[in-house]
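Participant: The file below is model_36.txt, compact mmCIF, C-alpha atoms and all ligand atoms:
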```txt
# COMPACT_ATOMS: atom_id res chain seq x y z
CA MET G 378 -10.23 -17.44 14.61
CA LYS G 379 -10.23 -15.79 18.02
CA LYS G 380 -10.51 -12.05 18.55
CA LEU G 381 -7.48 -10.19 19.96
CA GLU G 382 -9.59 -9.22 23.00
CA ASP G 383 -10.21 -12.92 23.74
CA ILE G 384 -6.54 -13.88 23.93
CA ASN G 385 -4.62 -13.66 27.20
CA LEU G 386 -1.48 -11.66 26.45
CA GLU G 387 -0.06 -11.27 29.95
CA HIS G 388 3.64 -12.26 30.14
CA LYS G 389 3.32 -13.74 26.63
CA LYS G 390 5.70 -13.21 23.74
CA VAL G 391 3.52 -11.68 21.05
CA ILE G 392 4.75 -11.54 17.46
CA ILE G 393 3.05 -8.75 15.51
CA ARG G 394 3.45 -8.61 11.73
CA VAL G 395 3.22 -4.88 11.09
CA ASP G 396 3.43 -2.95 7.82
CA TYR G 397 6.33 -0.54 8.20
CA ASN G 398 6.92 -0.38 4.45
CA VAL G 399 7.16 3.42 4.67
CA PRO G 400 8.47 5.78 1.99
CA LEU G 401 12.07 6.97 2.53
CA ASN G 402 13.84 9.84 0.74
CA GLU G 403 17.42 9.68 -0.57
CA ASN G 404 18.74 10.60 2.90
CA LEU G 405 16.82 7.60 4.27
CA GLU G 406 14.39 9.82 6.18
CA ILE G 407 10.76 8.74 6.53
CA THR G 408 8.59 11.02 4.39
CA ASP G 409 5.26 9.68 5.65
CA ASP G 410 4.85 7.77 8.93
CA ASN G 411 1.13 7.01 8.56
CA ARG G 412 1.63 3.24 8.57
CA ILE G 413 3.61 3.49 11.83
CA VAL G 414 1.00 5.76 13.42
CA GLU G 415 -1.82 3.40 12.38
CA SER G 416 -0.05 0.45 14.05
CA LEU G 417 -0.03 2.09 17.50
CA LYS G 418 -3.47 0.96 18.57
CA THR G 419 -2.59 -2.75 18.51
CA LEU G 420 0.86 -2.10 19.98
CA ASN G 421 -0.46 -0.04 22.88
CA TYR G 422 -3.14 -2.63 23.58
CA CYS G 423 -0.48 -5.37 23.82
CA LEU G 424 1.77 -3.24 26.03
CA GLU G 425 -1.10 -2.34 28.37
CA HIS G 426 -1.78 -6.08 28.67
CA LYS G 427 1.85 -6.72 29.69
CA ALA G 428 2.92 -8.60 26.58
CA LYS G 429 6.47 -8.82 25.25
CA VAL G 430 6.17 -7.44 21.74
CA ILE G 431 8.25 -8.75 18.84
CA LEU G 432 7.70 -6.80 15.62
CA LEU G 433 8.28 -8.08 12.09
CA SER G 434 7.93 -6.05 8.89
CA HIS G 435 9.25 -5.79 5.36
CA LEU G 436 10.51 -2.57 3.80
CA GLY G 437 10.55 -2.41 -0.01
CA LYS G 438 12.01 -5.10 -2.21
CA VAL G 439 15.45 -6.53 -1.41
CA LYS G 440 17.23 -8.23 -4.30
CA THR G 441 20.95 -7.53 -3.71
CA GLU G 442 23.36 -6.96 -0.82
CA GLU G 443 23.51 -3.34 -2.00
CA ASP G 444 19.72 -2.96 -1.48
CA LYS G 445 20.16 -3.80 2.21
CA LYS G 446 21.87 -0.48 2.96
CA LYS G 447 18.80 1.46 1.79
CA LYS G 448 16.19 -0.88 3.26
CA SER G 449 17.07 -1.22 6.92
CA LEU G 450 14.28 -0.80 9.47
CA ARG G 451 16.63 0.95 11.94
CA VAL G 452 15.17 4.35 11.07
CA VAL G 453 11.67 2.97 11.69
CA ALA G 454 12.63 1.76 15.18
CA LEU G 455 13.68 5.31 16.06
CA ARG G 456 10.44 6.85 14.79
CA LEU G 457 8.33 4.20 16.49
CA SER G 458 10.17 4.81 19.74
CA GLU G 459 9.31 8.53 19.54
CA LEU G 460 5.66 7.78 18.79
CA LEU G 461 5.32 5.17 21.55
CA GLY G 462 7.29 7.20 24.08
CA LYS G 463 9.35 4.17 25.04
CA GLU G 464 12.43 2.27 23.91
CA VAL G 465 12.11 0.11 20.81
CA LYS G 466 15.10 -2.17 20.59
CA PHE G 467 16.23 -2.70 17.00
CA ILE G 468 17.82 -6.08 16.23
CA PRO G 469 19.86 -5.88 13.01
CA ALA G 470 19.20 -9.51 12.11
CA THR G 471 16.32 -11.68 10.97
CA ARG G 472 17.44 -14.90 12.67
CA GLY G 473 20.26 -16.40 14.70
CA LYS G 474 21.86 -15.85 18.08
CA GLU G 475 21.34 -12.07 18.14
CA VAL G 476 17.59 -12.55 17.66
CA ASP G 477 17.32 -15.50 20.07
CA ASP G 478 19.22 -13.64 22.83
CA ALA G 479 17.15 -10.48 22.43
CA VAL G 480 13.89 -12.46 22.60
CA ASN G 481 15.03 -14.52 25.60
CA ASN G 482 16.01 -11.39 27.54
CA MET G 483 12.69 -9.58 27.08
CA GLN G 484 10.71 -8.24 30.05
CA ASP G 485 6.95 -7.60 30.05
CA SER G 486 6.03 -4.57 27.89
CA ASP G 487 9.39 -4.56 26.07
CA VAL G 488 9.32 -3.95 22.32
CA ILE G 489 11.83 -5.26 19.81
CA LEU G 490 11.86 -4.81 16.03
CA LEU G 491 13.75 -7.30 13.89
CA GLU G 492 15.48 -6.32 10.65
CA ASN G 493 13.56 -6.20 7.33
CA THR G 494 12.02 -9.63 6.69
CA ARG G 495 12.88 -9.36 3.00
CA PHE G 496 16.59 -9.52 3.79
CA GLU G 497 15.70 -13.22 3.73
CA ASP G 498 14.85 -12.91 0.02
CA ILE G 499 18.44 -12.56 -1.14
CA ASP G 500 19.24 -16.18 -0.49
CA GLY G 501 16.40 -17.89 -2.35
CA LYS G 502 13.31 -15.72 -1.66
CA LYS G 503 12.72 -17.32 1.71
CA GLU G 504 10.36 -14.61 2.97
CA SER G 505 8.38 -14.00 -0.24
CA GLY G 506 8.39 -17.70 -1.12
CA ASN G 507 7.03 -18.63 2.33
CA ASP G 508 9.94 -20.93 3.16
CA PRO G 509 8.63 -23.50 5.71
CA GLU G 510 11.80 -23.56 7.78
CA LEU G 511 11.94 -19.77 8.09
CA ALA G 512 8.24 -19.60 8.99
CA LYS G 513 8.71 -22.26 11.66
CA TYR G 514 11.73 -20.43 13.10
CA TRP G 515 9.92 -17.08 13.36
CA ALA G 516 6.88 -18.81 14.87
CA SER G 517 9.16 -20.39 17.49
CA LEU G 518 10.01 -16.93 18.84
CA GLY G 519 6.55 -16.28 20.30
CA ASP G 520 3.37 -17.60 21.95
CA VAL G 521 0.80 -15.49 20.07
CA PHE G 522 0.74 -14.16 16.50
CA ILE G 523 -1.13 -11.02 15.44
CA ASN G 524 -1.34 -10.10 11.77
CA ASP G 525 -1.71 -6.33 11.56
CA ALA G 526 -0.02 -5.75 8.18
CA PHE G 527 -2.94 -5.10 5.85
CA GLY G 528 -0.69 -4.00 2.98
CA THR G 529 0.72 -7.54 2.60
CA CYS G 530 -2.47 -9.50 3.29
CA HIS G 531 -2.78 -10.37 -0.42
CA ARG G 532 0.54 -12.23 -0.24
CA SER G 533 1.39 -15.60 1.33
CA HIS G 534 4.73 -14.83 2.86
CA ALA G 535 6.69 -16.53 5.64
CA SER G 536 6.13 -13.55 7.97
CA ASN G 537 2.33 -13.67 7.77
CA VAL G 538 0.73 -16.87 6.46
CA GLY G 539 3.81 -18.99 7.23
CA ILE G 540 4.07 -17.97 10.89
CA ALA G 541 0.30 -18.25 11.38
CA SER G 542 0.24 -21.84 10.14
CA ASN G 543 2.82 -22.76 12.78
CA MET G 544 1.09 -21.21 15.81
CA GLN G 545 -1.88 -22.01 18.03
CA GLU G 546 -2.93 -18.51 19.08
CA VAL G 547 -3.47 -16.39 15.97
CA CYS G 548 -5.60 -13.29 15.36
CA LEU G 549 -5.96 -10.08 13.37
CA GLY G 550 -4.87 -6.71 14.78
CA PHE G 551 -6.95 -3.56 15.11
CA LEU G 552 -5.52 -1.96 11.96
CA VAL G 553 -6.53 -4.91 9.76
CA ARG G 554 -9.97 -4.97 11.38
CA LYS G 555 -10.47 -1.26 10.71
CA GLU G 556 -9.53 -1.83 7.06
CA LEU G 557 -12.04 -4.67 6.73
CA ASP G 558 -14.78 -2.68 8.48
CA ASN G 559 -14.35 0.10 5.93
CA LEU G 560 -13.70 -1.95 2.81
CA LEU G 561 -16.09 -4.89 3.10
CA PRO G 562 -19.31 -2.82 2.92
CA ILE G 563 -18.30 -1.30 -0.40
CA ILE G 564 -17.53 -4.75 -1.78
CA ASP G 565 -20.75 -6.36 -0.67
CA LYS G 566 -23.15 -3.59 -1.52
CA PRO G 567 -21.63 -0.39 -2.86
CA GLU G 568 -24.01 2.49 -3.12
CA ARG G 569 -24.15 3.25 -6.86
CA PRO G 570 -22.82 4.66 -9.05
CA PHE G 571 -19.54 3.13 -7.86
CA THR G 572 -16.46 4.69 -9.44
CA VAL G 573 -12.90 3.36 -9.23
CA ILE G 574 -10.00 5.71 -9.99
CA LEU G 575 -6.77 3.97 -10.96
CA GLY G 576 -3.34 5.47 -11.56
CA GLY G 577 0.24 5.19 -10.43
CA ALA G 578 3.08 3.22 -11.87
CA LYS G 579 2.82 -0.36 -10.57
CA ILE G 580 1.01 -1.20 -13.76
CA SER G 581 1.75 -4.90 -14.11
CA ASP G 582 0.62 -5.50 -10.52
CA LYS G 583 -2.65 -3.65 -10.94
CA ILE G 584 -3.67 -4.11 -14.53
CA ALA G 585 -4.87 -7.66 -13.93
CA THR G 586 -7.33 -6.37 -11.35
CA VAL G 587 -9.04 -4.15 -13.93
CA GLN G 588 -10.93 -7.03 -15.51
CA ASN G 589 -12.43 -7.99 -12.17
CA LEU G 590 -13.17 -4.41 -11.17
CA ILE G 591 -15.21 -3.96 -14.34
CA LYS G 592 -17.71 -6.43 -12.88
CA LYS G 593 -18.00 -4.45 -9.64
CA ALA G 594 -17.68 -0.81 -10.69
CA ASP G 595 -19.85 1.39 -12.86
CA TYR G 596 -16.98 3.56 -14.10
CA ILE G 597 -13.20 3.11 -14.05
CA LEU G 598 -11.27 6.36 -14.47
CA ILE G 599 -7.65 5.67 -15.40
CA GLY G 600 -4.90 8.29 -15.04
CA GLY G 601 -1.24 8.22 -13.99
CA ALA G 602 1.25 6.14 -15.92
CA MET G 603 -1.29 3.33 -16.10
CA ALA G 604 -3.38 5.32 -18.61
CA TYR G 605 -0.60 5.20 -21.21
CA THR G 606 -0.67 1.42 -21.54
CA PHE G 607 -4.39 1.66 -22.32
CA LEU G 608 -3.96 4.60 -24.70
CA LYS G 609 -1.20 2.74 -26.54
CA GLY G 610 -3.51 -0.26 -26.66
CA LYS G 611 -5.97 1.95 -28.54
CA GLY G 612 -3.23 2.84 -31.04
CA ILE G 613 -2.76 6.37 -29.67
CA GLU G 614 0.75 7.93 -29.63
CA THR G 615 2.14 7.88 -26.08
CA GLY G 616 5.67 9.21 -26.79
CA LYS G 617 8.14 8.25 -24.07
CA SER G 618 5.52 7.83 -21.33
CA LEU G 619 5.83 4.90 -18.96
CA ILE G 620 4.27 1.83 -20.59
CA ASP G 621 3.91 -1.74 -19.43
CA GLU G 622 4.61 -3.45 -22.76
CA GLU G 623 3.75 -6.89 -21.40
CA SER G 624 0.24 -5.78 -20.52
CA LEU G 625 -0.53 -4.15 -23.90
CA ASP G 626 -2.51 -7.05 -25.32
CA PHE G 627 -4.40 -7.38 -22.08
CA ALA G 628 -5.28 -3.67 -22.19
CA LYS G 629 -6.49 -4.03 -25.80
CA ASP G 630 -8.71 -6.97 -24.88
CA VAL G 631 -10.19 -5.20 -21.87
CA LEU G 632 -11.03 -2.13 -23.96
CA LYS G 633 -12.85 -4.31 -26.49
CA THR G 634 -15.13 -5.79 -23.85
CA THR G 635 -16.27 -2.72 -21.91
CA ASN G 636 -17.11 0.93 -22.20
CA LYS G 637 -16.74 1.54 -18.46
CA ILE G 638 -13.11 2.65 -18.82
CA ILE G 639 -12.57 6.40 -19.10
CA LEU G 640 -9.12 7.51 -20.30
CA PRO G 641 -7.38 10.91 -20.33
CA ILE G 642 -8.17 13.29 -23.19
CA ASP G 643 -5.32 15.71 -22.51
CA HIS G 644 -1.97 15.61 -20.75
CA ILE G 645 0.68 17.58 -18.91
CA VAL G 646 3.83 16.68 -20.85
CA SER G 647 7.53 17.29 -20.55
CA THR G 648 10.73 15.89 -21.99
CA SER G 649 12.02 14.43 -18.72
CA THR G 650 10.76 13.78 -15.18
CA GLU G 651 13.48 16.19 -13.94
CA ASN G 652 12.14 19.01 -16.08
CA SER G 653 9.62 21.41 -14.50
CA ASN G 654 8.80 23.08 -17.84
CA TYR G 655 5.68 21.50 -19.21
CA GLN G 656 3.08 21.87 -21.91
CA ILE G 657 -0.59 20.95 -22.00
CA LYS G 658 -1.35 18.77 -25.02
CA ASN G 659 -4.31 16.82 -26.36
CA THR G 660 -2.04 14.41 -28.19
CA LEU G 661 1.52 13.40 -27.40
CA GLU G 662 4.46 13.58 -29.79
CA SER G 663 7.28 11.05 -29.98
CA ASP G 664 9.55 12.80 -27.42
CA ASP G 665 6.81 13.67 -24.92
CA ILE G 666 6.39 12.06 -21.52
CA GLY G 667 2.92 12.30 -20.04
CA LEU G 668 3.39 13.28 -16.39
CA ASP G 669 -0.07 14.33 -15.22
CA ILE G 670 -3.67 14.43 -16.43
CA GLY G 671 -4.55 17.66 -18.23
CA PRO G 672 -7.30 20.17 -17.31
CA LYS G 673 -9.93 18.72 -19.69
CA THR G 674 -9.35 15.24 -18.25
CA ARG G 675 -9.75 16.60 -14.70
CA GLU G 676 -13.13 18.04 -15.67
CA LEU G 677 -14.12 14.81 -17.42
CA PHE G 678 -13.18 12.73 -14.36
CA LYS G 679 -15.04 15.17 -12.06
CA SER G 680 -18.22 14.76 -14.14
CA TYR G 681 -18.21 11.03 -13.27
CA LEU G 682 -17.23 11.62 -9.63
CA LEU G 683 -20.04 14.15 -9.20
CA LYS G 684 -22.70 11.51 -9.82
CA SER G 685 -20.91 8.78 -7.80
CA LYS G 686 -22.06 7.57 -4.41
CA THR G 687 -19.01 5.35 -3.75
CA ILE G 688 -15.46 6.19 -4.83
CA PHE G 689 -12.40 3.98 -4.51
CA TRP G 690 -9.05 5.47 -5.54
CA ASN G 691 -5.70 3.73 -5.99
CA GLY G 692 -2.73 5.34 -7.73
CA PRO G 693 -1.70 9.01 -8.12
CA MET G 694 -2.79 10.81 -11.30
CA GLY G 695 0.73 11.99 -12.06
CA TYR G 696 4.41 12.06 -11.18
CA TYR G 697 3.48 13.71 -7.91
CA GLU G 698 6.97 13.62 -6.37
CA LYS G 699 7.59 16.78 -8.40
CA GLU G 700 5.27 19.56 -7.29
CA VAL G 701 4.31 20.75 -10.77
CA TYR G 702 2.93 17.30 -11.58
CA GLN G 703 0.78 17.08 -8.43
CA GLU G 704 -2.03 19.25 -9.69
CA GLY G 705 -4.22 16.52 -11.21
CA THR G 706 -4.10 14.47 -8.01
CA LYS G 707 -4.68 17.58 -5.87
CA GLU G 708 -7.66 18.79 -7.90
CA LEU G 709 -9.38 15.41 -7.63
CA CYS G 710 -8.67 15.40 -3.85
CA GLU G 711 -10.26 18.82 -3.46
CA PHE G 712 -13.25 17.82 -5.55
CA ILE G 713 -13.88 14.52 -3.73
CA SER G 714 -13.53 16.33 -0.38
CA ASN G 715 -16.69 18.28 -1.12
CA LEU G 716 -18.80 15.37 -2.37
CA ASP G 717 -21.49 13.57 -0.46
CA ALA G 718 -20.07 10.11 -1.23
CA THR G 719 -18.23 7.29 0.53
CA SER G 720 -14.61 7.86 -0.46
CA ILE G 721 -11.84 5.34 0.08
CA VAL G 722 -8.21 5.74 -0.90
CA GLY G 723 -5.66 2.93 -0.94
CA GLY G 724 -2.00 2.50 -1.85
CA GLY G 725 1.32 3.50 -0.30
CA ASP G 726 2.00 6.38 -2.67
CA THR G 727 -1.63 7.44 -3.03
CA ALA G 728 -2.10 7.61 0.74
CA SER G 729 1.19 9.51 1.15
CA ALA G 730 0.24 12.01 -1.53
CA ILE G 731 -3.16 12.62 0.04
CA ILE G 732 -1.83 12.86 3.59
CA ASN G 733 1.00 15.21 2.61
CA MET G 734 -1.45 17.42 0.72
CA GLY G 735 -3.56 17.64 3.90
CA PHE G 736 -6.64 15.70 2.78
CA LYS G 737 -6.52 12.67 5.11
CA ASP G 738 -9.55 13.74 7.16
CA LYS G 739 -11.61 14.54 4.07
CA PHE G 740 -11.89 10.92 2.97
CA THR G 741 -14.11 8.29 4.57
CA HIS G 742 -11.11 5.97 4.90
CA VAL G 743 -7.45 6.07 3.91
CA SER G 744 -6.34 2.46 3.55
CA THR G 745 -2.74 1.42 4.28
CA GLY G 746 -2.93 -1.18 1.50
CA GLY G 747 -2.80 -0.74 -2.27
CA GLY G 748 -2.63 -4.18 -3.88
CA ALA G 749 -4.38 -5.71 -0.86
CA SER G 750 -7.35 -3.34 -1.04
CA LEU G 751 -7.66 -3.85 -4.81
CA GLU G 752 -7.67 -7.62 -4.47
CA LEU G 753 -10.18 -7.42 -1.65
CA LEU G 754 -12.37 -5.22 -3.86
CA GLU G 755 -12.31 -7.85 -6.56
CA GLY G 756 -14.11 -10.05 -4.08
CA LYS G 757 -11.14 -12.32 -3.43
CA GLY G 758 -10.41 -13.66 0.01
CA LEU G 759 -6.94 -12.60 1.12
CA PRO G 760 -4.51 -15.24 2.43
CA GLY G 761 -3.31 -12.95 5.22
CA ILE G 762 -6.88 -12.49 6.51
CA ASN G 763 -7.89 -16.13 6.34
CA ILE G 764 -5.13 -17.27 8.70
P1 LIG G 801 0.47 3.13 -4.89
O1 LIG G 801 1.72 3.00 -4.07
O2 LIG G 801 -0.47 4.17 -4.35
O3 LIG G 801 -0.20 1.82 -5.15
P2 LIG G 801 2.02 3.15 -7.31
O4 LIG G 801 3.20 2.66 -6.55
O5 LIG G 801 1.42 2.25 -8.32
O6 LIG G 801 0.90 3.70 -6.33
O7 LIG G 801 2.40 4.43 -8.15
C1 LIG G 801 2.96 5.58 -7.58
C2 LIG G 801 4.01 6.14 -8.51
O8 LIG G 801 3.44 6.38 -9.78
C3 LIG G 801 4.60 7.44 -8.04
O9 LIG G 801 5.99 7.27 -7.88
C4 LIG G 801 4.28 8.39 -9.20
O10 LIG G 801 5.30 9.30 -9.46
C5 LIG G 801 4.15 7.45 -10.34
N1 LIG G 801 3.42 8.02 -11.49
C6 LIG G 801 2.14 8.38 -11.54
N2 LIG G 801 1.84 8.88 -12.77
C7 LIG G 801 2.97 8.81 -13.49
C8 LIG G 801 3.33 9.17 -14.83
N3 LIG G 801 2.42 9.70 -15.67
N4 LIG G 801 4.60 8.93 -15.24
C9 LIG G 801 5.51 8.42 -14.39
N5 LIG G 801 5.25 8.06 -13.11
C10 LIG G 801 4.00 8.26 -12.68
MG MG G 802 3.74 2.54 -4.55
```
Translate the structure of the given file into structure tokens.
Ligand code: ADP
Ligand code: MG

Facilitator:
Amino acid sequence: MKKLEDINLEHKKVIIRVDYNVPLNENLEITDDNRIVESLKTLNYCLEHKAKVILLSHLGKVKTEEDKKKKSLRVVALRLSELLGKEVKFIPATRGKEVDDAVNNMQDSDVILLENTRFEDIDGKKESGNDPELAKYWASLGDVFINDAFGTCHRSHASNVGIASNMQEVCLGFLVRKELDNLLPIIDKPERPFTVILGGAKISDKIATVQNLIKKADYILIGGAMAYTFLKGKGIETGKSLIDEESLDFAKDVLKTTNKIILPIDHIVSTSTENSNYQIKNTLESDDIGLDIGPKTRELFKSYLLKSKTIFWNGPMGYYEKEVYQEGTKELCEFISNLDATSIVGGGDTASAIINMGFKDKFTHVSTGGGASLELLEGKGLPGINI
């Protein structure tokens, strides 16, 4: 594959697959624009080289017509326009005359952003299923394809792998290259001890990676909702905490084969996620929901982090959207900030939490990808990289 710097972009229509899957609040305002900011380097490079830039991205999952209202990229076009200091034309369609006309009317250094690629998932998962006709259509819009969406590199979708397989000039963008430059060294030869911290709520997506991470890491510290599936697997009461029932047997099996997994020994519990009144408990009762790691667990996790030379973290330690349940995540951030270790954080929510708490500069690298960085860590090649 060629390097971006080796491709002539002048007067060319350049399709860039970006990752604008940004968190939105209930008023549809962007709560963390890091992924947009990180895309600017490739965008500015293309604009300086007089390309016509066509942007494609997904935003969340789109399963129903109703979902579309909450998952439009219009708000992203506005933010990007502010950041770039130039007009970004939003096209509220993913194909058809509106798209064709907009592309045909582009001048050098124009930027257009098409609507959420996953709007194509409603009618038969065309984007996520890498529909050949859709991929061919999107590829037909441009002369060059740049994949700069690291967060979806572990998926073979029409908007990354599909387009790439239909185009001659294909390369990776600067954001993806920065991710690889930071992540590959810790996969090949991590300085040891190498500790992985896992948390968050996307349990079914991540739990399968645990088995592979055991081979790579020296310790795996598990907090967040993910911990409760493992604790339940050990026969411990988990009350009404978030559990991935389907992964219970898997969790049990994993625990039988390794002693590298370190689980919480106390919890911040409440009766509902809306409730700010909490208790600290060593064991949960039937009505309790575990919403953060407790103080003893924080100390236990720190004792492993203290001796680590490489740390990879994916998944918040608690229900951090509510301030009272941020403390576990915050304490680990503060602690890692002062360590002499390579520290890498990945995941949409994890990165947001860390950036909003003001710790971005304290880590060696804040990755824009969660699932993608975990799969890369397992030593797997990613389909979006091998285009
Ligand atoms: P990432 O996007 O970084 O990969 P996830 O999407 O897996 O992380 O998980 C983030 C979500 O996990 C957040 O919404 C957070 O509130 C939730 N979460 C973390 N711990 C808990 C918990 N104990 N109970 C409920 N939700 C939790
Ligand atoms: Mg998430």

Participant: Using all atoms listed in the file, give me every residue within 10 Å of (-5.7, -7.1, -6.0) in file coordinates, as a list in words.

Facilitator: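 Nearby residues: His531, Arg532, Asp582, Lys583, Ile584, Ala585, Thr586, Val587, Asn589, Leu590, Gly746, Gly747, Gly748, Ala749, Ser750, Leu751, Glu752, Leu753, Leu754, Glu755, Gly756, Lys757 and Leu759 of chain G.
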
Participant: Please, could you write that set of residues out with C-alpha atoms as a compact mmCIF listing (two decimals), in the coordinates of the input?

Facilitator:
```
# COMPACT_ATOMS: atom_id res chain seq x y z
CA HIS G 531 -2.78 -10.37 -0.42
CA ARG G 532 0.54 -12.23 -0.24
CA ASP G 582 0.62 -5.50 -10.52
CA LYS G 583 -2.65 -3.65 -10.94
CA ILE G 584 -3.67 -4.11 -14.53
CA ALA G 585 -4.87 -7.66 -13.93
CA THR G 586 -7.33 -6.37 -11.35
CA VAL G 587 -9.04 -4.15 -13.93
CA ASN G 589 -12.43 -7.99 -12.17
CA LEU G 590 -13.17 -4.41 -11.17
CA GLY G 746 -2.93 -1.18 1.50
CA GLY G 747 -2.80 -0.74 -2.27
CA GLY G 748 -2.63 -4.18 -3.88
CA ALA G 749 -4.38 -5.71 -0.86
CA SER G 750 -7.35 -3.34 -1.04
CA LEU G 751 -7.66 -3.85 -4.81
CA GLU G 752 -7.67 -7.62 -4.47
CA LEU G 753 -10.18 -7.42 -1.65
CA LEU G 754 -12.37 -5.22 -3.86
CA GLU G 755 -12.31 -7.85 -6.56
CA GLY G 756 -14.11 -10.05 -4.08
CA LYS G 757 -11.14 -12.32 -3.43
CA LEU G 759 -6.94 -12.60 1.12
```

Participant: Find the residues around Leu682 in chain G up to 8 Å (all atoms listed in the file counted), leave out those fewer than 6 positions away in its own chain, and share them as an MDAnalysis selection string.

Facilitator: chainID G and resid 572 688 713

Participant: Please extract the residues at most 7 Å from ligand MG 802 (chain G), counting all atoms listed in the file, and provide them as a list in words, using the chain letters and residue numbers of this document.

Facilitator: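 Counting all atoms listed in the file, the residues within 7 Å of ligand MG 802 (chain G) come out as Lys579, Gly724, Gly725 and Asp726 of chain G.
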
Participant: Rank G:Glu556, G:Asp664, G:Glu651, G:Glu711 by their smallest atom-to-atom distance to Glu698 in chain G, using all atoms listed in the file, and report the top residue only.

Facilitator: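 Residue with the minimum atom-to-atom distance to Glu698 in chain G: G:Glu651.
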
Participant: Go through range 534-591 of chain G residue by residue and, counting all atoms listed in the file, keep those with an atom at most 9 Å from range 378-391 of chain G; for each kept residue give the shortest atom pair and its distance in Å to one decimal, ordered by chain and increasing number, as CSV.

Facilitator:
```
residue,atom,partner,partner_atom,distance
G:Glu546,CA,G:Ile384,CA,7.6
G:Val547,CA,G:Met378,CA,7.0
G:Cys548,CA,G:Leu381,CA,5.9
G:Leu549,CA,G:Leu381,CA,6.8
G:Gly550,CA,G:Leu381,CA,6.8
G:Phe551,CA,G:Leu381,CA,8.2
```

Participant: Grab me every residue within 6 Å of ligand LIG 801 (chain G), counting all atoms listed in the file, and send it over as a ChimeraX atom specification.

Facilitator: /G:577-579,601-602,619,667-669,691-698,724-727,747

Participant: Tell me which of G:Ser663, G:Thr741, G:Asn404, G:Thr674 sits closest to His644 in chain G, counting all atoms listed in the file.

Facilitator: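 Between G:Ser663, G:Thr741, G:Asn404, G:Thr674, the residue approaching His644 in chain G most closely is G:Thr674.
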
Participant: From the options G:Ile580, G:Ile393, G:Leu405, G:Ile413, which residue's atoms come nearest to Asp525 in chain G, counting only C-alpha atoms?

Facilitator: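 With only C-alpha atoms as the atom set, the closest residue is G:Ile393.
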
Participant: Mind giving me the straight-line distance from CA of Val646 in chain G to CA of Asp665 in chain G in Å, one decimal?

Facilitator: 5.9 Å

Participant: Counting all atoms listed in the file, which residue out of G:Val488, G:Arg495, G:Asn481, G:Asp409 sits closest to Lys448 in chain G?

Facilitator: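 Looking at the shortest contact to Lys448 in chain G, the residue is G:Arg495.
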
Participant: What does the distance from CA of Lys593 in chain G to CA of Pro567 in chain G come to in Å, to one decimal?

Facilitator: 8.7 Å

Participant: When you count all atoms listed in the file, which of these residues is closest to Thr606 in chain G: G:Leu491, G:Ile762, G:Ile591, G:Ala628?

Facilitator: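 For Thr606 in chain G, the nearest of the given residues is G:Ala628.
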
Participant: Between CA of Asn715 in chain G and CA of Leu683 in chain G, what is the distance, to one decimal in Å?

Facilitator: 9.7 Å

Participant: Show me the residues close to (-11.4, 0.1, -18.4) - anything with an atom within 12 Å, counting all atoms listed in the file - and format the list as a PyMOL selection string.

Facilitator: chain G and resi 572-576+584-600+603-604+606-608+610-611+627-641

Participant: Excluding Leu432 in chain G and its own-chain neighbours fewer than 3 positions away, which residues fall within 7 Å of it when counting all atoms listed in the file? Please give them as a PDB file with C-alpha atoms, keeping the file's coordinate frame.

Facilitator:
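Once everything was written out, this is out_8.pdb:
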```pdb
ATOM      1  CA  ILE G 392       4.750 -11.540  17.460  1.00  0.00           C
ATOM      2  CA  ILE G 393       3.050  -8.750  15.510  1.00  0.00           C
ATOM      3  CA  ARG G 394       3.450  -8.610  11.730  1.00  0.00           C
ATOM      4  CA  VAL G 395       3.220  -4.880  11.090  1.00  0.00           C
ATOM      5  CA  ILE G 489      11.830  -5.260  19.810  1.00  0.00           C
ATOM      6  CA  LEU G 490      11.860  -4.810  16.030  1.00  0.00           C
ATOM      7  CA  LEU G 491      13.750  -7.300  13.890  1.00  0.00           C
TER       8      LEU G 491
END
```

Participant: Counting all atoms listed in the file, figure out which residue out of G:Asn507, G:Ser624, G:Ser517, G:Thr648 gets nearest to Ser581 in chain G.

Facilitator: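 When distances to Ser581 in chain G are compared using all atoms listed in the file, the smallest one comes from G:Ser624.
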